[in-house]
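J.: The structure file run_6.txt (compact mmCIF, C-alpha atoms and all ligand atoms) is provided below.
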```txt
# COMPACT_ATOMS: atom_id res chain seq x y z
CA MET A 1 -4.00 25.00 14.98
CA ILE A 2 -6.51 22.18 14.38
CA VAL A 3 -7.15 21.27 10.74
CA LEU A 4 -9.96 19.13 9.35
CA GLY A 5 -8.95 17.36 6.13
CA ILE A 6 -11.19 15.82 3.48
CA GLU A 7 -10.21 13.11 0.99
CA THR A 8 -12.49 11.88 -1.83
CA SER A 9 -10.11 11.46 -4.78
CA CYS A 10 -10.99 7.80 -5.51
CA ASP A 11 -13.11 5.27 -3.62
CA GLU A 12 -12.58 6.25 0.01
CA THR A 13 -14.61 9.00 1.68
CA SER A 14 -12.50 10.24 4.54
CA ALA A 15 -12.35 13.04 7.10
CA GLY A 16 -9.40 13.48 9.42
CA ILE A 17 -8.55 15.95 12.15
CA VAL A 18 -4.94 16.84 12.97
CA ARG A 19 -3.56 19.15 15.66
CA GLY A 20 -0.09 20.67 15.42
CA GLY A 21 0.68 19.07 12.06
CA SER A 22 1.17 15.53 13.36
CA GLU A 23 -1.26 14.66 16.17
CA VAL A 24 -4.15 12.68 14.71
CA LEU A 25 -7.37 13.37 16.65
CA ALA A 26 -9.60 11.48 14.19
CA ASN A 27 -9.20 9.60 10.92
CA VAL A 28 -12.54 8.23 9.67
CA VAL A 29 -12.44 6.27 6.39
CA ALA A 30 -15.57 4.95 4.63
CA SER A 31 -14.28 2.53 1.99
CA GLN A 32 -16.32 1.76 -1.11
CA ALA A 33 -14.19 -1.30 -2.01
CA ASP A 34 -17.13 -3.73 -1.60
CA LEU A 35 -19.28 -1.59 -3.87
CA HIS A 36 -16.75 -1.66 -6.72
CA ALA A 37 -15.61 -5.27 -6.23
CA ARG A 38 -18.41 -6.63 -8.45
CA TYR A 39 -17.08 -4.52 -11.36
CA GLY A 40 -13.44 -5.52 -10.78
CA GLY A 41 -12.37 -1.87 -10.39
CA VAL A 42 -13.55 1.60 -9.42
CA VAL A 43 -16.56 2.90 -11.40
CA PRO A 44 -16.24 6.71 -11.32
CA GLU A 45 -19.96 7.57 -11.33
CA VAL A 46 -20.71 5.02 -8.60
CA ALA A 47 -17.84 6.46 -6.55
CA SER A 48 -19.11 10.06 -6.86
CA ARG A 49 -22.63 9.14 -5.80
CA LYS A 50 -21.38 7.21 -2.76
CA HIS A 51 -19.16 10.15 -1.74
CA VAL A 52 -22.26 12.41 -1.78
CA GLU A 53 -24.01 9.99 0.61
CA CYS A 54 -21.03 9.59 2.93
CA ILE A 55 -19.33 12.97 3.12
CA LEU A 56 -21.46 14.58 5.83
CA PRO A 57 -21.74 11.53 8.15
CA VAL A 58 -17.99 10.92 7.83
CA MET A 59 -17.14 14.52 8.79
CA LEU A 60 -19.57 14.44 11.72
CA GLU A 61 -18.10 11.13 12.91
CA ALA A 62 -14.61 12.64 12.76
CA LEU A 63 -15.71 15.58 14.94
CA ASP A 64 -17.42 13.16 17.33
CA THR A 65 -14.33 10.92 17.58
CA ALA A 66 -12.14 13.93 18.31
CA GLY A 67 -14.66 15.27 20.84
CA LEU A 68 -14.78 18.59 18.97
CA THR A 69 -17.37 20.88 17.42
CA TRP A 70 -17.07 22.95 14.24
CA GLN A 71 -16.10 25.93 16.41
CA ASP A 72 -12.88 24.12 17.45
CA ILE A 73 -11.65 23.78 13.84
CA ASN A 74 -9.13 26.47 12.78
CA GLY A 75 -8.49 25.43 9.19
CA LEU A 76 -9.60 23.11 6.39
CA ALA A 77 -7.71 21.01 3.83
CA VAL A 78 -9.03 19.07 0.87
CA THR A 79 -7.59 16.92 -1.91
CA ASN A 80 -8.26 18.79 -5.14
CA ARG A 81 -5.85 16.90 -7.46
CA PRO A 82 -5.18 14.40 -9.03
CA GLY A 83 -8.06 11.91 -9.01
CA LEU A 84 -11.49 11.10 -10.42
CA LEU A 85 -13.04 14.49 -11.20
CA GLY A 86 -16.56 13.69 -10.02
CA ALA A 87 -15.20 12.17 -6.80
CA LEU A 88 -12.87 15.11 -6.12
CA LEU A 89 -15.71 17.57 -6.70
CA VAL A 90 -17.70 16.14 -3.78
CA GLY A 91 -14.92 16.76 -1.25
CA VAL A 92 -13.95 20.11 -2.75
CA SER A 93 -17.57 21.37 -2.75
CA ALA A 94 -18.00 20.32 0.89
CA ALA A 95 -14.71 21.99 1.87
CA LYS A 96 -15.52 25.24 0.06
CA ALA A 97 -19.02 25.37 1.59
CA LEU A 98 -17.55 24.88 5.08
CA ALA A 99 -14.83 27.49 4.48
CA LEU A 100 -17.47 29.99 3.42
CA ALA A 101 -19.97 29.19 6.17
CA LEU A 102 -17.42 29.07 9.00
CA SER A 103 -14.99 31.70 7.61
CA LEU A 104 -12.11 29.23 7.78
CA PRO A 105 -8.89 29.22 5.72
CA LEU A 106 -8.75 26.37 3.20
CA ALA A 107 -5.72 24.58 1.69
CA ALA A 108 -5.98 22.71 -1.63
CA VAL A 109 -3.77 19.64 -1.26
CA HIS A 110 -2.18 17.41 -3.92
CA HIS A 111 -3.08 13.79 -3.15
CA LEU A 112 0.57 12.66 -3.31
CA GLU A 113 1.54 15.48 -0.99
CA GLY A 114 -0.90 13.86 1.44
CA HIS A 115 0.84 10.48 1.06
CA LEU A 116 4.20 12.14 1.74
CA TYR A 117 2.84 13.78 4.90
CA SER A 118 1.57 10.42 6.19
CA THR A 119 5.23 9.79 7.03
CA PHE A 120 5.30 12.97 9.16
CA LEU A 121 2.33 11.57 11.06
CA ALA A 122 4.28 8.37 11.68
CA ALA A 123 7.51 10.22 12.61
CA PRO A 124 6.80 13.86 13.59
CA ASP A 125 10.49 14.67 14.14
CA LEU A 126 11.08 14.20 10.38
CA ALA A 127 9.42 17.59 9.87
CA ASP A 128 12.74 19.23 10.88
CA ARG A 129 15.07 16.68 9.29
CA PHE A 130 15.29 17.50 5.60
CA PRO A 131 16.35 16.33 3.09
CA VAL A 132 14.11 13.29 2.89
CA LEU A 133 13.93 10.73 0.11
CA ALA A 134 10.45 9.29 -0.37
CA LEU A 135 9.07 6.45 -2.44
CA ILE A 136 5.34 6.83 -3.07
CA VAL A 137 3.74 3.55 -4.13
CA SER A 138 0.00 3.78 -4.68
CA GLY A 139 -2.65 2.55 -7.09
CA GLY A 140 -2.07 5.45 -9.47
CA HIS A 141 1.55 6.51 -8.87
CA THR A 142 5.05 5.19 -8.29
CA GLN A 143 7.51 8.01 -7.74
CA ILE A 144 10.76 8.76 -5.97
CA ILE A 145 10.66 12.29 -4.55
CA ARG A 146 13.36 14.36 -2.92
CA MET A 147 11.98 16.74 -0.27
CA ASP A 148 14.32 19.54 0.78
CA ASN A 149 11.71 21.43 2.76
CA HIS A 150 7.98 21.52 3.42
CA CYS A 151 6.07 21.60 0.13
CA ASP A 152 9.34 21.45 -1.86
CA TYR A 153 9.25 18.38 -4.08
CA LYS A 154 11.73 17.24 -6.72
CA LEU A 155 10.78 14.26 -8.89
CA LEU A 156 13.75 11.86 -9.23
CA GLY A 157 12.00 8.86 -10.77
CA THR A 158 8.58 7.72 -11.88
CA THR A 159 6.91 4.79 -13.59
CA ARG A 160 6.92 4.70 -17.36
CA ASP A 161 3.77 2.55 -17.47
CA ASP A 162 1.75 1.04 -14.61
CA ALA A 163 1.96 2.11 -10.98
CA ALA A 164 3.09 -0.56 -8.49
CA GLY A 165 -0.44 -0.83 -7.04
CA GLU A 166 -1.84 -1.16 -10.54
CA ALA A 167 0.65 -3.97 -11.22
CA PHE A 168 -0.60 -5.73 -8.07
CA ASP A 169 -4.25 -5.16 -9.03
CA LYS A 170 -3.84 -6.28 -12.66
CA GLY A 171 -1.72 -9.26 -11.61
CA ALA A 172 -4.45 -10.23 -9.14
CA ARG A 173 -7.02 -10.11 -11.90
CA LEU A 174 -4.86 -12.37 -14.12
CA MET A 175 -4.64 -14.82 -11.20
CA GLY A 176 -8.43 -14.73 -10.76
CA LEU A 177 -8.26 -12.93 -7.41
CA PRO A 178 -10.91 -10.35 -6.41
CA TYR A 179 -10.56 -6.53 -6.37
CA PRO A 180 -8.76 -4.78 -4.72
CA GLY A 181 -5.94 -7.08 -5.73
CA GLY A 182 -2.95 -5.82 -3.73
CA PRO A 183 -3.99 -7.22 -0.34
CA GLU A 184 -5.19 -10.46 -2.03
CA VAL A 185 -1.84 -11.07 -3.78
CA SER A 186 -0.04 -10.22 -0.55
CA ALA A 187 -2.12 -12.69 1.52
CA LEU A 188 -1.74 -15.48 -1.05
CA ALA A 189 1.99 -14.81 -1.53
CA ALA A 190 2.52 -15.24 2.22
CA LEU A 191 1.57 -18.93 1.74
CA GLY A 192 3.92 -19.48 -1.19
CA ASP A 193 7.64 -19.84 -1.93
CA ARG A 194 9.00 -16.60 -3.39
CA LYS A 195 11.87 -18.45 -5.10
CA ALA A 196 9.72 -21.09 -6.84
CA VAL A 197 8.66 -18.94 -9.81
CA ALA A 198 11.20 -16.50 -11.27
CA MET A 199 9.67 -13.37 -12.79
CA PRO A 200 11.71 -10.72 -14.68
CA ARG A 201 12.82 -7.39 -13.18
CA SER A 202 13.17 -4.22 -15.27
CA TYR A 203 15.72 -1.48 -14.58
CA LEU A 204 15.82 1.49 -16.91
CA GLY A 205 19.51 2.28 -17.37
CA ASP A 206 20.87 4.97 -15.07
CA THR A 207 17.45 6.47 -14.40
CA LEU A 208 15.43 6.02 -11.22
CA ASP A 209 12.34 5.22 -13.30
CA PHE A 210 10.22 2.08 -13.02
CA SER A 211 8.44 -0.22 -15.46
CA PHE A 212 6.02 -2.97 -14.48
CA SER A 213 4.59 -3.91 -17.87
CA GLY A 214 7.25 -6.61 -18.44
CA VAL A 215 6.53 -8.51 -15.24
CA LYS A 216 2.80 -8.26 -15.91
CA THR A 217 3.23 -9.77 -19.41
CA ALA A 218 5.52 -12.45 -17.94
CA LEU A 219 2.77 -13.36 -15.45
CA ARG A 220 0.17 -13.58 -18.20
CA THR A 221 2.46 -15.81 -20.30
CA TYR A 222 3.37 -17.99 -17.30
CA LEU A 223 -0.26 -18.55 -16.34
CA ALA A 224 -1.24 -19.37 -19.95
CA ARG A 225 1.55 -21.97 -20.29
CA ASP A 226 1.29 -23.41 -16.80
CA ASN A 227 -2.29 -24.70 -17.02
CA GLY A 228 -2.64 -24.46 -13.24
CA ASP A 229 0.23 -26.90 -12.48
CA THR A 230 2.12 -24.50 -10.19
CA PRO A 231 0.47 -23.69 -6.84
CA LEU A 232 -1.06 -20.21 -7.25
CA ALA A 233 0.56 -19.14 -3.94
CA ASP A 234 4.02 -19.72 -5.48
CA VAL A 235 3.05 -17.72 -8.58
CA ALA A 236 1.76 -14.85 -6.39
CA ALA A 237 4.92 -14.95 -4.26
CA GLY A 238 7.17 -14.86 -7.36
CA TYR A 239 5.20 -12.00 -8.90
CA GLN A 240 5.18 -10.00 -5.66
CA GLU A 241 8.92 -10.62 -5.21
CA ALA A 242 9.68 -9.14 -8.64
CA ILE A 243 7.70 -5.95 -7.88
CA VAL A 244 9.19 -5.65 -4.39
CA THR A 245 12.74 -6.16 -5.68
CA MET A 246 12.34 -3.52 -8.42
CA LEU A 247 11.03 -1.01 -5.86
CA THR A 248 13.74 -1.78 -3.30
CA ARG A 249 16.71 -1.82 -5.70
CA THR A 250 15.66 1.42 -7.38
CA LEU A 251 15.18 3.23 -4.07
CA GLN A 252 18.57 1.84 -2.97
CA ARG A 253 20.19 3.38 -6.06
CA ALA A 254 18.46 6.68 -5.25
CA VAL A 255 20.00 6.55 -1.75
CA GLN A 256 23.43 5.87 -3.21
CA GLN A 257 23.09 8.63 -5.84
CA THR A 258 21.78 11.32 -3.46
CA ASP A 259 23.48 10.22 -0.23
CA ILE A 260 20.23 11.04 1.60
CA ARG A 261 19.97 8.73 4.61
CA THR A 262 16.39 9.46 5.71
CA ILE A 263 13.99 7.45 3.57
CA CYS A 264 10.21 7.08 3.61
CA VAL A 265 7.99 4.60 1.83
CA CYS A 266 4.30 5.56 1.66
CA GLY A 267 1.09 4.96 -0.33
CA GLY A 268 -1.20 1.93 -0.36
CA VAL A 269 1.44 -0.59 -1.51
CA ALA A 270 3.58 0.33 1.52
CA ALA A 271 1.07 -1.76 3.51
CA ASN A 272 2.66 -4.83 1.86
CA HIS A 273 4.56 -6.87 4.46
CA ARG A 274 7.15 -8.29 2.08
CA LEU A 275 7.91 -4.77 0.80
CA GLN A 276 8.33 -3.57 4.39
CA GLU A 277 10.72 -6.45 5.13
CA SER A 278 12.75 -5.86 1.96
CA MET A 279 12.97 -2.09 2.61
CA ARG A 280 14.09 -2.70 6.22
CA THR A 281 16.92 -4.95 5.01
CA MET A 282 17.99 -2.37 2.41
CA ALA A 283 17.86 0.48 4.95
CA GLU A 284 20.13 -1.52 7.29
CA GLN A 285 22.61 -2.20 4.48
CA GLU A 286 22.69 1.49 3.53
CA ASP A 287 22.68 2.74 7.13
CA CYS A 288 19.49 4.70 6.56
CA ARG A 289 16.64 5.71 8.82
CA LEU A 290 13.49 4.21 7.28
CA VAL A 291 9.94 5.43 8.00
CA MET A 292 6.96 3.43 6.78
CA PRO A 293 3.59 4.50 8.24
CA ASP A 294 1.26 1.73 9.39
CA ALA A 295 -1.37 0.39 7.03
CA ARG A 296 -4.17 2.80 8.05
CA LEU A 297 -1.98 5.76 7.18
CA CYS A 298 -0.54 4.14 4.01
CA THR A 299 -3.85 3.65 2.22
CA ASP A 300 -6.02 6.67 1.35
CA ASN A 301 -7.09 8.64 4.41
CA ALA A 302 -7.79 12.26 5.30
CA ALA A 303 -5.47 12.60 8.30
CA MET A 304 -2.58 12.77 5.84
CA ILE A 305 -4.43 15.50 3.88
CA ALA A 306 -5.09 17.42 7.11
CA SER A 307 -1.38 17.19 7.98
CA ALA A 308 -0.23 18.44 4.54
CA GLY A 309 -2.88 21.19 4.79
CA TRP A 310 -1.69 22.15 8.28
CA TYR A 311 1.82 22.83 6.91
CA ARG A 312 0.43 24.68 3.88
CA LEU A 313 -1.69 26.90 6.12
CA LYS A 314 1.28 27.47 8.43
CA TYR A 315 3.68 28.53 5.69
CA THR A 316 1.53 29.90 2.86
CA ALA A 317 -1.62 31.95 2.31
CA PRO A 318 -4.89 29.98 2.16
CA ASP A 319 -6.09 29.10 -1.32
CA PRO A 320 -8.78 31.33 -2.84
CA LEU A 321 -12.12 29.51 -3.08
CA SER A 322 -11.91 29.71 -6.88
CA PHE A 323 -9.41 26.79 -7.08
CA ASP A 324 -10.23 23.95 -9.42
CA THR A 325 -10.18 20.14 -9.34
CA LEU A 326 -7.71 18.41 -11.67
CA ALA A 327 -7.72 14.81 -12.91
CA VAL A 328 -3.98 14.91 -13.72
CA SER A 329 -1.40 17.08 -11.97
CA PRO A 330 2.33 16.50 -11.39
CA LEU A 331 3.40 16.83 -7.75
CA ALA A 332 6.58 18.69 -8.70
CA GLN A 333 4.37 21.61 -9.74
CA ALA A 334 2.90 21.97 -6.24
CA THR A 335 3.70 25.47 -4.96
CA ILE A 336 6.81 25.91 -2.88
CA CYS A 337 6.09 27.22 0.60
CA TYR A 338 9.20 29.23 1.37
O1 LIG A 401 -2.70 4.87 -1.81
P1 LIG A 401 -3.88 4.04 -2.14
O2 LIG A 401 -4.80 3.64 -1.02
O3 LIG A 401 -4.76 4.72 -3.23
C1 LIG A 401 -4.23 5.41 -4.33
O4 LIG A 401 -3.84 6.58 -4.13
O5 LIG A 401 -4.12 4.76 -5.38
O6 LIG A 401 -3.30 2.74 -2.85
C2 LIG A 401 -4.15 1.73 -3.32
C3 LIG A 401 -3.29 0.63 -3.93
C4 LIG A 401 -4.11 -0.42 -4.64
O7 LIG A 401 -3.53 -0.67 -5.89
C5 LIG A 401 -3.99 -1.62 -3.71
O8 LIG A 401 -4.09 -2.85 -4.37
C6 LIG A 401 -2.61 -1.41 -3.14
O9 LIG A 401 -2.53 -0.02 -2.90
N1 LIG A 401 -2.41 -2.15 -1.87
C7 LIG A 401 -1.52 -3.15 -1.73
C8 LIG A 401 -1.67 -3.62 -0.41
N2 LIG A 401 -2.65 -2.89 0.21
C9 LIG A 401 -3.09 -1.97 -0.72
N3 LIG A 401 -0.63 -3.67 -2.59
C10 LIG A 401 0.14 -4.67 -2.15
N4 LIG A 401 0.05 -5.20 -0.92
C11 LIG A 401 -0.83 -4.71 -0.01
N5 LIG A 401 -0.90 -5.25 1.23
ZN ZN A 402 -3.60 7.47 -2.54
```
I need this file expressed as C-alpha cells, please.
Ligand code: KG4
Ligand code: ZN
T.:
Amino acid sequence: MIVLGIETSCDETSAGIVRGGSEVLANVVASQADLHARYGGVVPEVASRKHVECILPVMLEALDTAGLTWQDINGLAVTNRPGLLGALLVGVSAAKALALALSLPLAAVHHLEGHLYSTFLAAPDLADRFPVLALIVSGGHTQIIRMDNHCDYKLLGTTRDDAAGEAFDKGARLMGLPYPGGPEVSALAALGDRKAVAMPRSYLGDTLDFSFSGVKTALRTYLARDNGDTPLADVAAGYQEAIVTMLTRTLQRAVQQTDIRTICVCGGVAANHRLQESMRTMAEQEDCRLVMPDARLCTDNAAMIASAGWYRLKYTAPDPLSFDTLAVSPLAQATICY
C-alpha cells in the first residue's frame, strides 16, 4: 500500500509518500519560517494563507519526486489535530477533496502520532518490537509515551508549563536571537562552555512530568544582572544544558521505572546535537536501544504522517469524511487499533 500524507498543522506545508509503512518515496517540506521570522513567531492567519498557496504544488512535487501519479496512491493521511485551526483546515480540506475525487480511504492522524511514527521510518524493525518508550520534544509538546502496540499510547509524563521547543524559542528571544530559536541557541551553544553558566533544573517529585518555566526565569534574571559581561555563547550553552539534562534525566527515570529498553526521542528538539549526545550516553548507561530520527524526520514533515496513516489504514477502518479539525487534543485519546 502506498499512502500520501499531508501535514499543515503549523508553519510547514508538507506532502510525503510512504510505501509499506516505512519506505519514504518523497518528503517535500515548504517551510514558512522566513515569513514568520519578522513577527518573532508564527502568525496563524499568515500561516493559513501560505498553506493555501503551497498545498497543491507541494503535493505535485511529492508525486514527481516519487515518480508516481495519483493512480498509484492507495490511501491518504492528514494531520487533523492538534494545531492551528485555520492551518489544519487547509490540509484537511485538500485530503477530503482528494479522498472524494479519487475514492481513496483517508486516515485522520494526530500530529504527535506522526512524530512517534518518524522513529519507525528511522528504524522499521521497531514496528514489531513493542513496548517502546518515546520522548516527544516539539515546539508545542513535551511528553513521555509508552507504546504497547500500534496506535496504543499511554501518557507517562508531560510538561506542566512550556514545551521544550518553546523553552528554546523563548530563551532565544530573551538572548536576542532570531526565530525559530531552537537551532539558533543550538548553534551558539556549540561555541560556548556548557559549564560556565549554571542554570537550575526542575524535577517534579516522583512524576515523569517536566517544567521549564524556572530555567526560563533564571535566564531572564541572569541576563538582566549580567549586563552582557558573560559571552552569550556560554549563556546559551548553560541554558541548553539545563533543558537537555532535564529531558535526559527524566527519560532515564522512565526507563528505570518501566524497564523498557527500547527508547525513541522524536520531535523538532530531537534535532539538537547536544540532546542527541546526552541521550546516547544515557542509553549506554541503561543498556537501551536508542532511536533518534535524523533532523529532516524530527521536524514537522508529512512522511511521518503518511507512515502513521499507513498503520491506521492497515489496522482500522478509514475515517468518515465528516471528521473535524481540533486545536487541542490529547494523544492518549487517539483510537486504539486492535
Ligand atoms: O516538531 P516541530 O518541528 O514542530 C512542532 O510540532 O512544534 O518542532 C519545532 C520546535 C521549535 O520549537 C524549534 O525551535 C525546535 O523544535 N528545534 C530545536 C532545534 N531544531 C528545532 N530546538 C533545539 N535545537 C535544535 N537544533
Ligand atoms: Zn511537530
J.: Set the cut-off to 9 Å, count all atoms listed in the file, and list whatever residues fall near ligand LIG 401 (chain A) as a JSON list (two decimals) with C-alpha atoms, in the coordinates of the input.
T.:
```json
[["chain", "number", "residue", "atom", "x", "y", "z"],
["A", 9, "SER", "CA", -10.11, 11.46, -4.78],
["A", 10, "CYS", "CA", -10.99, 7.80, -5.51],
["A", 11, "ASP", "CA", -13.11, 5.27, -3.62],
["A", 12, "GLU", "CA", -12.58, 6.25, 0.01],
["A", 83, "GLY", "CA", -8.06, 11.91, -9.01],
["A", 111, "HIS", "CA", -3.08, 13.79, -3.15],
["A", 112, "LEU", "CA", 0.57, 12.66, -3.31],
["A", 115, "HIS", "CA", 0.84, 10.48, 1.06],
["A", 136, "ILE", "CA", 5.34, 6.83, -3.07],
["A", 137, "VAL", "CA", 3.74, 3.55, -4.13],
["A", 138, "SER", "CA", 0.00, 3.78, -4.68],
["A", 139, "GLY", "CA", -2.65, 2.55, -7.09],
["A", 140, "GLY", "CA", -2.07, 5.45, -9.47],
["A", 141, "HIS", "CA", 1.55, 6.51, -8.87],
["A", 163, "ALA", "CA", 1.96, 2.11, -10.98],
["A", 164, "ALA", "CA", 3.09, -0.56, -8.49],
["A", 165, "GLY", "CA", -0.44, -0.83, -7.04],
["A", 166, "GLU", "CA", -1.84, -1.16, -10.54],
["A", 167, "ALA", "CA", 0.65, -3.97, -11.22],
["A", 168, "PHE", "CA", -0.60, -5.73, -8.07],
["A", 169, "ASP", "CA", -4.25, -5.16, -9.03],
["A", 170, "LYS", "CA", -3.84, -6.28, -12.66],
["A", 172, "ALA", "CA", -4.45, -10.23, -9.14],
["A", 179, "TYR", "CA", -10.56, -6.53, -6.37],
["A", 180, "PRO", "CA", -8.76, -4.78, -4.72],
["A", 181, "GLY", "CA", -5.94, -7.08, -5.73],
["A", 182, "GLY", "CA", -2.95, -5.82, -3.73],
["A", 183, "PRO", "CA", -3.99, -7.22, -0.34],
["A", 184, "GLU", "CA", -5.19, -10.46, -2.03],
["A", 185, "VAL", "CA", -1.84, -11.07, -3.78],
["A", 186, "SER", "CA", -0.04, -10.22, -0.55],
["A", 187, "ALA", "CA", -2.12, -12.69, 1.52],
["A", 240, "GLN", "CA", 5.18, -10.00, -5.66],
["A", 266, "CYS", "CA", 4.30, 5.56, 1.66],
["A", 267, "GLY", "CA", 1.09, 4.96, -0.33],
["A", 268, "GLY", "CA", -1.20, 1.93, -0.36],
["A", 269, "VAL", "CA", 1.44, -0.59, -1.51],
["A", 270, "ALA", "CA", 3.58, 0.33, 1.52],
["A", 271, "ALA", "CA", 1.07, -1.76, 3.51],
["A", 272, "ASN", "CA", 2.66, -4.83, 1.86],
["A", 273, "HIS", "CA", 4.56, -6.87, 4.46],
["A", 274, "ARG", "CA", 7.15, -8.29, 2.08],
["A", 275, "LEU", "CA", 7.91, -4.77, 0.80],
["A", 295, "ALA", "CA", -1.37, 0.39, 7.03],
["A", 297, "LEU", "CA", -1.98, 5.76, 7.18],
["A", 298, "CYS", "CA", -0.54, 4.14, 4.01],
["A", 299, "THR", "CA", -3.85, 3.65, 2.22],
["A", 300, "ASP", "CA", -6.02, 6.67, 1.35],
["A", 301, "ASN", "CA", -7.09, 8.64, 4.41]]
```
J.: Write out as an NGL selection string each polymer residue whose atoms come within 9 Å of stretch 247-264 of chain A, counting all atoms listed in the file; drop sequence neighbours fewer than 3 positions from it.
T.: :A and (116 or 119 or 126 or 129-137 or 142 or 144 or 146 or 156-157 or 164 or 203 or 207-210 or 242-244 or 275 or 278-279 or 282-283 or 286-293)
J.: Might you pull out every residue within 10 Å of A:Arg19, with all atoms listed in the file counted and same-chain residues fewer than 4 positions away left off, and present them as a tab-separated table (two decimals) with C-alpha atoms, in the coordinates of the input?
T.:
```
chain	number	residue	atom	x	y	z
A	1	MET	CA	-4.00	25.00	14.98
A	2	ILE	CA	-6.51	22.18	14.38
A	3	VAL	CA	-7.15	21.27	10.74
A	4	LEU	CA	-9.96	19.13	9.35
A	23	GLU	CA	-1.26	14.66	16.17
A	24	VAL	CA	-4.15	12.68	14.71
A	25	LEU	CA	-7.37	13.37	16.65
A	26	ALA	CA	-9.60	11.48	14.19
A	73	ILE	CA	-11.65	23.78	13.84
A	74	ASN	CA	-9.13	26.47	12.78
A	306	ALA	CA	-5.09	17.42	7.11
A	307	SER	CA	-1.38	17.19	7.98
A	310	TRP	CA	-1.69	22.15	8.28
```
J.: Please measure the separation of atom CA of A:Pro124 and atom CA of A:Ser22, giving the value in Å to one decimal.
T.: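 Those two atoms sit 5.9 Å apart.
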J.: Residues within 8 Å of A:Val28, please, as a PyMOL selection string. Count all atoms listed in the file; anything in the same chain fewer than 5 positions from it doesn't count.
T.: chain A and resi 14-16+58-59+61-62+301-302
J.: Let me see the file: selected residues, C-alpha atoms, as a short mmCIF file (atom, residue, chain, number, x, y, z; two decimals), in the frame of the given file.
T.:
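Listed below is the output, selection-v7.cif:
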```cif
data_model
loop_
_atom_site.label_atom_id
_atom_site.label_comp_id
_atom_site.auth_asym_id
_atom_site.auth_seq_id
_atom_site.Cartn_x
_atom_site.Cartn_y
_atom_site.Cartn_z
CA SER A 14 -12.50 10.24 4.54
CA ALA A 15 -12.35 13.04 7.10
CA GLY A 16 -9.40 13.48 9.42
CA VAL A 58 -17.99 10.92 7.83
CA MET A 59 -17.14 14.52 8.79
CA GLU A 61 -18.10 11.13 12.91
CA ALA A 62 -14.61 12.64 12.76
CA ASN A 301 -7.09 8.64 4.41
CA ALA A 302 -7.79 12.26 5.30
#
```
J.: Pick out the closest residue to ligand ZN 402 (chain A) from this set: A:Leu84, A:Leu219, A:Cys54, A:Leu100. Count all atoms listed in the file.
T.: A:Leu84
